[in-house]
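**Q** What follows is a single structure, and I will ask about it in a moment.
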Protein chains: 2
Amino acid sequence: MNATERHELADLLKALGEFNRLSLVCELCGCDTPQNAMCLCACCNVDSSVASRHLKVLAQEGVVQMERKGRERMYSLNRADIAQKLRLLADQIEG
Amino acid sequence: MNATERHELADLLKALGEFNRLSLVCELCGCDTPQNAMCLCACCNVDSSVASRHLKVLAQEGVVQMERKGRERMYSLNRADIAQKLRLLADQIEG
DNA sequence: GACTTATTTGCACAAATAAGCAACTATTTC
DNA sequence: GAAATAGTTGCTTATTTGTGCAAATAAGTC
C-alpha cells in the first residue's frame with residue numbers, strides 16, 4: 001500500500017472513527033431503504049446542522065450515497081464498497 | 001451494536017485513522033518479528049517522541065502489543081484481533 | 001405568493017490532536 | 001561510574017474538529 005492509498009484509507013477510517021458518524025452508519029445499516037437527514041439526525045440527538053456536516057464527511061469518503069427526493073436528501077450506505085475496503089485492510093493486517 | 005461497543009469501535013477506527021499511525025501499522029504488517037520504536041519512528045520520519053505517543057495510542061486500542069527487551073520495546077501487531085473487528089464491522093455494514 | 005419543512009452555511013467557541021524540542025528515566029556498554 | 005542508546009514525559013504551539021445557533025437556500029403545500 002503506497003502513501004496515497006494509505007492517506008485515502010486513513011481518511012476513510014477517520015470518517016468512520018467518530019462516534020456520531022459511526023452511529024449514523026449503524027443506523028443506516030439497519031435500514032433497507034434510504035433515510036433522510038432528519039431521521040438520521042434524530043438517532044444521534046444532535047442539531048440538524050451537525051448531522052448535515054457529518055453526512056457530508058461520510059459522503060466525501062464514499063461511505064454514504066445521496067439522492068435528492070423533493071426537498072429531502074435520502075442517504076444510503078455504499079455497503080459493498082466500504083465492506084470491501086475494510087476486509088482488504090483486515091486481510092493485509094492478518095498477513 | 002450498543003452505544004458502548006460503538007464507542008469502543010469508534011476509538012479503534014480513530015486510532016487507525018491517522019496517517020502516521022496507519023503507516024506504523026502498515027510497517028508492522030510487513031514484519032514477521034516485533035520491531036522497536038526507533039525502527040518505527042524511522043518509517044514515519046517523525047521525532048521519537050511522536051512515534052512513542054502514536055504507539056501508545058495503538059497499544060491502548062489493542063492494535064499493537066509491546067514487550068520489553070533490554071532497553072528496547074518491541075512492538076508487534078495483534079493481527080487476528082484487529083482483523084476480526086474490522087471484518088465484523090464489514091459484515092454488519094454489508095448486512 | 002405566503003408558509004412550512006428539509007437542509008446547508010456562516011460564525012463563534014471549546015476541546016482534542018499532532019508535532020517538536022528539551023529534559024528526564026532506564027538500561028546497556030565500556 | 002561515565003558515556004551511549006532507547007524511550008517517555010512536560011511544555012508549547014498550531015491546527016483540526018465537533019458543536020450549536022441563527023440565517024440562508026431550496027422545494028413542497030396551501
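Chain labels A, B, ... are given in the sequence in which chains occur in the C-alpha cells; within each chain residues are numbered consecutively from 1, and ligands are likewise numbered from 1 in the order shown.
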Counting only C-alpha atoms, which residues of chain B come no farther than 7 Å from chain A, as a PyMOL selection string?
**A** chain B and resi 6-7+10-11+13-14+16-19+22+29+79-80+83+86-87+90-95
**Q** What are the closest atom pairs, with distances in Å to one decimal, for all residues of chain B lying within 10 Å of chain D? Consider only C-alpha atoms (C1' of nucleotides), order rows by chain and residue number, and present the result as JSON lines.
**A**
```
{"residue": "B:Asn36", "atom": "CA", "partner": "D:DA6", "partner_atom": "C1'", "distance": 8.9}
{"residue": "B:Ala37", "atom": "CA", "partner": "D:DG7", "partner_atom": "C1'", "distance": 7.8}
{"residue": "B:Met38", "atom": "CA", "partner": "D:DA6", "partner_atom": "C1'", "distance": 7.6}
{"residue": "B:Ser48", "atom": "CA", "partner": "D:DG7", "partner_atom": "C1'", "distance": 7.8}
{"residue": "B:Ser49", "atom": "CA", "partner": "D:DT8", "partner_atom": "C1'", "distance": 7.3}
{"residue": "B:Ala51", "atom": "CA", "partner": "D:DG7", "partner_atom": "C1'", "distance": 9.9}
{"residue": "B:Ser52", "atom": "CA", "partner": "D:DG7", "partner_atom": "C1'", "distance": 7.2}
{"residue": "B:Arg53", "atom": "CA", "partner": "D:DT8", "partner_atom": "C1'", "distance": 8.6}
{"residue": "B:Gly70", "atom": "CA", "partner": "D:DA6", "partner_atom": "C1'", "distance": 9.2}
{"residue": "B:Arg71", "atom": "CA", "partner": "D:DA6", "partner_atom": "C1'", "distance": 5.6}
{"residue": "B:Glu72", "atom": "CA", "partner": "D:DA6", "partner_atom": "C1'", "distance": 5.6}
{"residue": "B:Arg73", "atom": "CA", "partner": "D:DG7", "partner_atom": "C1'", "distance": 8.0}
```
**Q** Please write out chain B, superposed on chain A by least squares over all C-alpha atoms matched in order, as a short mmCIF file (atom, residue, chain, number, x, y, z; two decimals) with N, CA and C atoms, in the first residue's frame.
**A**
```
data_model
loop_
_atom_site.label_atom_id
_atom_site.label_comp_id
_atom_site.auth_asym_id
_atom_site.auth_seq_id
_atom_site.Cartn_x
_atom_site.Cartn_y
_atom_site.Cartn_z
N MET B 1 0.87 -1.25 0.01
CA MET B 1 0.02 -0.05 0.03
C MET B 1 0.91 1.20 0.04
N ASN B 2 0.78 2.02 -0.99
CA ASN B 2 1.62 3.22 -1.06
C ASN B 2 1.04 4.36 -0.22
N ALA B 3 1.79 5.47 -0.20
CA ALA B 3 1.42 6.57 0.68
C ALA B 3 0.05 7.15 0.34
N THR B 4 -0.22 7.25 -0.94
CA THR B 4 -1.50 7.82 -1.36
C THR B 4 -2.66 6.95 -0.91
N GLU B 5 -2.52 5.65 -1.16
CA GLU B 5 -3.57 4.72 -0.73
C GLU B 5 -3.73 4.76 0.78
N ARG B 6 -2.58 4.90 1.46
CA ARG B 6 -2.61 4.93 2.92
C ARG B 6 -3.34 6.18 3.40
N HIS B 7 -3.09 7.29 2.71
CA HIS B 7 -3.79 8.53 3.06
C HIS B 7 -5.30 8.37 2.89
N GLU B 8 -5.68 7.81 1.76
CA GLU B 8 -7.11 7.65 1.50
C GLU B 8 -7.77 6.72 2.52
N LEU B 9 -7.06 5.65 2.82
CA LEU B 9 -7.61 4.70 3.79
C LEU B 9 -7.72 5.35 5.17
N ALA B 10 -6.69 6.12 5.53
CA ALA B 10 -6.73 6.80 6.82
C ALA B 10 -7.91 7.76 6.89
N ASP B 11 -8.17 8.45 5.79
CA ASP B 11 -9.31 9.37 5.75
C ASP B 11 -10.63 8.64 5.93
N LEU B 12 -10.72 7.49 5.28
CA LEU B 12 -11.94 6.69 5.42
C LEU B 12 -12.13 6.24 6.87
N LEU B 13 -11.04 5.74 7.46
CA LEU B 13 -11.14 5.25 8.84
C LEU B 13 -11.43 6.40 9.81
N LYS B 14 -10.87 7.54 9.51
CA LYS B 14 -11.14 8.71 10.35
C LYS B 14 -12.61 9.10 10.26
N ALA B 15 -13.15 9.03 9.05
CA ALA B 15 -14.57 9.36 8.86
C ALA B 15 -15.45 8.42 9.69
N LEU B 16 -15.07 7.16 9.73
CA LEU B 16 -15.84 6.17 10.48
C LEU B 16 -15.54 6.23 11.98
N GLY B 17 -14.40 6.82 12.32
CA GLY B 17 -13.90 6.77 13.70
C GLY B 17 -14.38 7.90 14.58
N GLU B 18 -15.57 8.36 14.33
CA GLU B 18 -16.15 9.38 15.22
C GLU B 18 -17.51 8.87 15.65
N PHE B 19 -17.78 8.97 16.92
CA PHE B 19 -18.95 8.30 17.48
C PHE B 19 -20.25 8.61 16.75
N ASN B 20 -20.54 9.86 16.58
CA ASN B 20 -21.82 10.20 15.95
C ASN B 20 -21.89 9.75 14.49
N ARG B 21 -20.74 9.87 13.81
CA ARG B 21 -20.74 9.41 12.42
C ARG B 21 -20.93 7.90 12.35
N LEU B 22 -20.23 7.18 13.25
CA LEU B 22 -20.40 5.73 13.27
C LEU B 22 -21.84 5.36 13.61
N SER B 23 -22.45 6.16 14.48
CA SER B 23 -23.85 5.91 14.82
C SER B 23 -24.75 6.10 13.61
N LEU B 24 -24.47 7.12 12.82
CA LEU B 24 -25.24 7.32 11.58
C LEU B 24 -25.10 6.10 10.68
N VAL B 25 -23.87 5.64 10.56
CA VAL B 25 -23.61 4.48 9.71
C VAL B 25 -24.37 3.26 10.23
N CYS B 26 -24.33 3.07 11.54
CA CYS B 26 -25.03 1.93 12.13
C CYS B 26 -26.53 2.04 11.91
N GLU B 27 -27.03 3.27 12.02
CA GLU B 27 -28.46 3.47 11.78
C GLU B 27 -28.81 3.05 10.36
N LEU B 28 -27.98 3.48 9.43
CA LEU B 28 -28.21 3.14 8.02
C LEU B 28 -28.06 1.64 7.77
N CYS B 29 -27.18 1.02 8.56
CA CYS B 29 -27.01 -0.44 8.47
C CYS B 29 -28.33 -1.16 8.62
N GLY B 30 -29.13 -0.66 9.55
CA GLY B 30 -30.36 -1.35 9.89
C GLY B 30 -31.52 -1.00 8.98
N CYS B 31 -31.28 -0.13 8.00
CA CYS B 31 -32.36 0.31 7.11
C CYS B 31 -32.16 -0.28 5.74
N ASP B 32 -33.24 -0.80 5.16
CA ASP B 32 -33.10 -1.31 3.81
C ASP B 32 -33.57 -0.30 2.77
N THR B 33 -33.98 0.86 3.26
CA THR B 33 -34.32 1.94 2.32
C THR B 33 -33.55 3.19 2.72
N PRO B 34 -33.27 4.09 1.78
CA PRO B 34 -32.56 5.32 2.08
C PRO B 34 -33.31 6.16 3.11
N GLN B 35 -32.53 6.84 3.96
CA GLN B 35 -33.12 7.64 5.02
C GLN B 35 -32.78 9.11 4.83
N ASN B 36 -33.68 9.97 5.25
CA ASN B 36 -33.39 11.39 5.12
C ASN B 36 -32.58 11.89 6.33
N ALA B 37 -32.07 13.09 6.19
CA ALA B 37 -31.17 13.61 7.21
C ALA B 37 -31.87 13.82 8.56
N MET B 38 -33.13 14.19 8.52
CA MET B 38 -33.89 14.42 9.76
C MET B 38 -33.93 13.15 10.60
N CYS B 39 -34.24 12.06 9.94
CA CYS B 39 -34.29 10.77 10.62
C CYS B 39 -32.95 10.43 11.24
N LEU B 40 -31.89 10.72 10.47
CA LEU B 40 -30.54 10.38 10.95
C LEU B 40 -30.12 11.32 12.07
N CYS B 41 -30.56 12.56 11.96
CA CYS B 41 -30.23 13.53 13.00
C CYS B 41 -30.89 13.14 14.30
N ALA B 42 -32.10 12.55 14.21
CA ALA B 42 -32.81 12.11 15.41
C ALA B 42 -32.06 11.01 16.14
N CYS B 43 -31.45 10.11 15.38
CA CYS B 43 -30.80 8.95 15.99
C CYS B 43 -29.56 9.34 16.78
N CYS B 44 -29.03 10.53 16.52
CA CYS B 44 -27.83 10.98 17.23
C CYS B 44 -28.12 12.05 18.27
N ASN B 45 -29.36 12.60 18.22
CA ASN B 45 -29.68 13.65 19.18
C ASN B 45 -28.80 14.88 19.01
N VAL B 46 -28.54 15.23 17.78
CA VAL B 46 -27.73 16.43 17.52
C VAL B 46 -28.51 17.38 16.63
N ASP B 47 -28.05 18.60 16.58
CA ASP B 47 -28.64 19.61 15.72
C ASP B 47 -28.59 19.15 14.26
N SER B 48 -29.54 19.61 13.48
CA SER B 48 -29.57 19.19 12.09
C SER B 48 -28.31 19.63 11.35
N SER B 49 -27.77 20.77 11.75
CA SER B 49 -26.55 21.24 11.09
C SER B 49 -25.39 20.28 11.34
N VAL B 50 -25.38 19.71 12.53
CA VAL B 50 -24.32 18.76 12.87
C VAL B 50 -24.46 17.49 12.03
N ALA B 51 -25.67 16.99 11.97
CA ALA B 51 -25.91 15.79 11.16
C ALA B 51 -25.56 16.07 9.71
N SER B 52 -25.95 17.22 9.24
CA SER B 52 -25.65 17.60 7.86
C SER B 52 -24.16 17.55 7.58
N ARG B 53 -23.40 18.10 8.49
CA ARG B 53 -21.95 18.11 8.28
C ARG B 53 -21.35 16.72 8.35
N HIS B 54 -21.83 15.92 9.30
CA HIS B 54 -21.31 14.55 9.40
C HIS B 54 -21.63 13.75 8.14
N LEU B 55 -22.84 13.94 7.65
CA LEU B 55 -23.23 13.23 6.43
C LEU B 55 -22.38 13.68 5.25
N LYS B 56 -22.02 14.94 5.27
CA LYS B 56 -21.17 15.44 4.20
C LYS B 56 -19.81 14.75 4.22
N VAL B 57 -19.26 14.61 5.40
CA VAL B 57 -17.98 13.91 5.54
C VAL B 57 -18.10 12.47 5.06
N LEU B 58 -19.16 11.81 5.49
CA LEU B 58 -19.37 10.41 5.09
C LEU B 58 -19.55 10.29 3.57
N ALA B 59 -20.20 11.27 2.99
CA ALA B 59 -20.40 11.25 1.54
C ALA B 59 -19.08 11.48 0.81
N GLN B 60 -18.30 12.41 1.33
CA GLN B 60 -17.00 12.71 0.71
C GLN B 60 -16.10 11.48 0.71
N GLU B 61 -16.20 10.68 1.75
CA GLU B 61 -15.36 9.49 1.85
C GLU B 61 -16.01 8.28 1.18
N GLY B 62 -17.15 8.50 0.57
CA GLY B 62 -17.80 7.43 -0.16
C GLY B 62 -18.50 6.41 0.73
N VAL B 63 -18.70 6.77 1.98
CA VAL B 63 -19.37 5.84 2.88
C VAL B 63 -20.87 5.80 2.58
N VAL B 64 -21.43 6.96 2.33
CA VAL B 64 -22.85 7.02 2.00
C VAL B 64 -23.05 7.64 0.63
N GLN B 65 -24.22 7.44 0.14
CA GLN B 65 -24.61 7.94 -1.16
C GLN B 65 -25.87 8.77 -0.94
N MET B 66 -26.04 9.83 -1.71
CA MET B 66 -27.19 10.71 -1.49
C MET B 66 -27.97 10.85 -2.78
N GLU B 67 -29.30 10.86 -2.65
CA GLU B 67 -30.12 11.19 -3.81
C GLU B 67 -31.22 12.14 -3.34
N ARG B 68 -31.45 13.18 -4.13
CA ARG B 68 -32.48 14.15 -3.78
C ARG B 68 -33.85 13.57 -4.07
N LYS B 69 -34.78 13.90 -3.21
CA LYS B 69 -36.16 13.47 -3.41
C LYS B 69 -37.02 14.60 -2.88
N GLY B 70 -37.42 15.48 -3.78
CA GLY B 70 -38.15 16.65 -3.34
C GLY B 70 -37.26 17.50 -2.47
N ARG B 71 -37.74 17.90 -1.33
CA ARG B 71 -36.90 18.73 -0.45
C ARG B 71 -36.03 17.88 0.46
N GLU B 72 -36.21 16.60 0.39
CA GLU B 72 -35.40 15.72 1.24
C GLU B 72 -34.18 15.22 0.49
N ARG B 73 -33.22 14.79 1.27
CA ARG B 73 -32.07 14.11 0.69
C ARG B 73 -31.97 12.73 1.33
N MET B 74 -32.03 11.76 0.54
CA MET B 74 -32.06 10.40 1.05
C MET B 74 -30.66 9.79 1.02
N TYR B 75 -30.25 9.29 2.16
CA TYR B 75 -28.91 8.72 2.28
C TYR B 75 -28.97 7.21 2.41
N SER B 76 -28.03 6.58 1.75
CA SER B 76 -27.92 5.12 1.89
C SER B 76 -26.44 4.74 1.94
N LEU B 77 -26.17 3.60 2.52
CA LEU B 77 -24.79 3.12 2.65
C LEU B 77 -24.26 2.57 1.34
N ASN B 78 -23.02 2.82 1.05
CA ASN B 78 -22.33 2.11 -0.03
C ASN B 78 -21.77 0.82 0.54
N ARG B 79 -22.68 -0.07 0.84
CA ARG B 79 -22.33 -1.24 1.63
C ARG B 79 -21.14 -2.02 1.09
N ALA B 80 -21.27 -2.47 -0.15
CA ALA B 80 -20.25 -3.36 -0.70
C ALA B 80 -18.88 -2.69 -0.72
N ASP B 81 -18.89 -1.43 -1.11
CA ASP B 81 -17.67 -0.68 -1.26
C ASP B 81 -16.89 -0.57 0.06
N ILE B 82 -17.59 -0.16 1.09
CA ILE B 82 -16.94 0.04 2.38
C ILE B 82 -16.52 -1.29 2.98
N ALA B 83 -17.42 -2.25 2.87
CA ALA B 83 -17.12 -3.58 3.42
C ALA B 83 -15.85 -4.13 2.76
N GLN B 84 -15.74 -3.94 1.47
CA GLN B 84 -14.58 -4.47 0.75
C GLN B 84 -13.29 -3.80 1.24
N LYS B 85 -13.34 -2.49 1.42
CA LYS B 85 -12.14 -1.78 1.87
C LYS B 85 -11.73 -2.23 3.27
N LEU B 86 -12.72 -2.43 4.12
CA LEU B 86 -12.40 -2.88 5.48
C LEU B 86 -11.81 -4.29 5.45
N ARG B 87 -12.35 -5.13 4.60
CA ARG B 87 -11.85 -6.50 4.51
C ARG B 87 -10.45 -6.54 3.93
N LEU B 88 -10.20 -5.65 3.00
CA LEU B 88 -8.87 -5.57 2.41
C LEU B 88 -7.84 -5.24 3.48
N LEU B 89 -8.20 -4.27 4.32
CA LEU B 89 -7.29 -3.91 5.40
C LEU B 89 -7.12 -5.07 6.36
N ALA B 90 -8.23 -5.72 6.67
CA ALA B 90 -8.18 -6.87 7.57
C ALA B 90 -7.24 -7.94 7.02
N ASP B 91 -7.36 -8.20 5.73
CA ASP B 91 -6.50 -9.20 5.09
C ASP B 91 -5.04 -8.80 5.21
N GLN B 92 -4.78 -7.53 4.93
CA GLN B 92 -3.40 -7.06 4.97
C GLN B 92 -2.83 -7.16 6.39
N ILE B 93 -3.65 -6.82 7.36
CA ILE B 93 -3.19 -6.88 8.74
C ILE B 93 -2.94 -8.32 9.17
N GLU B 94 -3.84 -9.19 8.73
CA GLU B 94 -3.68 -10.57 9.14
C GLU B 94 -2.47 -11.22 8.46
N GLY B 95 -2.11 -10.68 7.34
CA GLY B 95 -0.86 -11.10 6.68
C GLY B 95 -0.95 -12.43 5.96
#
```
**Q** Using only C-alpha atoms (C1' of nucleotides), determine which residues of chain C fall within 12 Å of chain A; present them as a list in words.
**A**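 The complete set of qualifying residues is DT4, DT5, DA6, DT7, DT8, DT9 and DG10 of chain C.
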**Q** Take the residues just selected and output them with C-alpha atoms (C1' of nucleotides) as a short mmCIF file (atom, residue, chain, number, x, y, z; two decimals), in the first residue's frame.
**A**
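Ended up saving to part-v2.cif:
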```
data_model
loop_
_atom_site.label_atom_id
_atom_site.label_comp_id
_atom_site.auth_asym_id
_atom_site.auth_seq_id
_atom_site.Cartn_x
_atom_site.Cartn_y
_atom_site.Cartn_z
"C1'" DT C 4 -43.91 25.23 6.21
"C1'" DT C 5 -40.32 21.75 6.04
"C1'" DA C 6 -35.58 19.98 4.90
"C1'" DT C 7 -31.07 21.03 4.63
"C1'" DT C 8 -26.89 23.85 4.29
"C1'" DT C 9 -23.76 27.59 5.50
"C1'" DG C 10 -21.57 31.34 8.34
#
```
**Q** Per DSSP on the backbone, what are the helix (DSSP H, G or I) residues of chain B, as a count of residues only?
**A** 62
**Q** Going by DSSP on the backbone, which bits of chain B are strand (DSSP E)? Write them as a list of chain:residue names, please.
**A**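 Of chain B, the ones in strand (DSSP E) are B:Gln35, B:Asn36, B:Val64, B:Gln65, B:Met66, B:Glu67, B:Arg68, B:Lys69, B:Glu72, B:Arg73, B:Met74, B:Tyr75, B:Ser76, B:Leu77.
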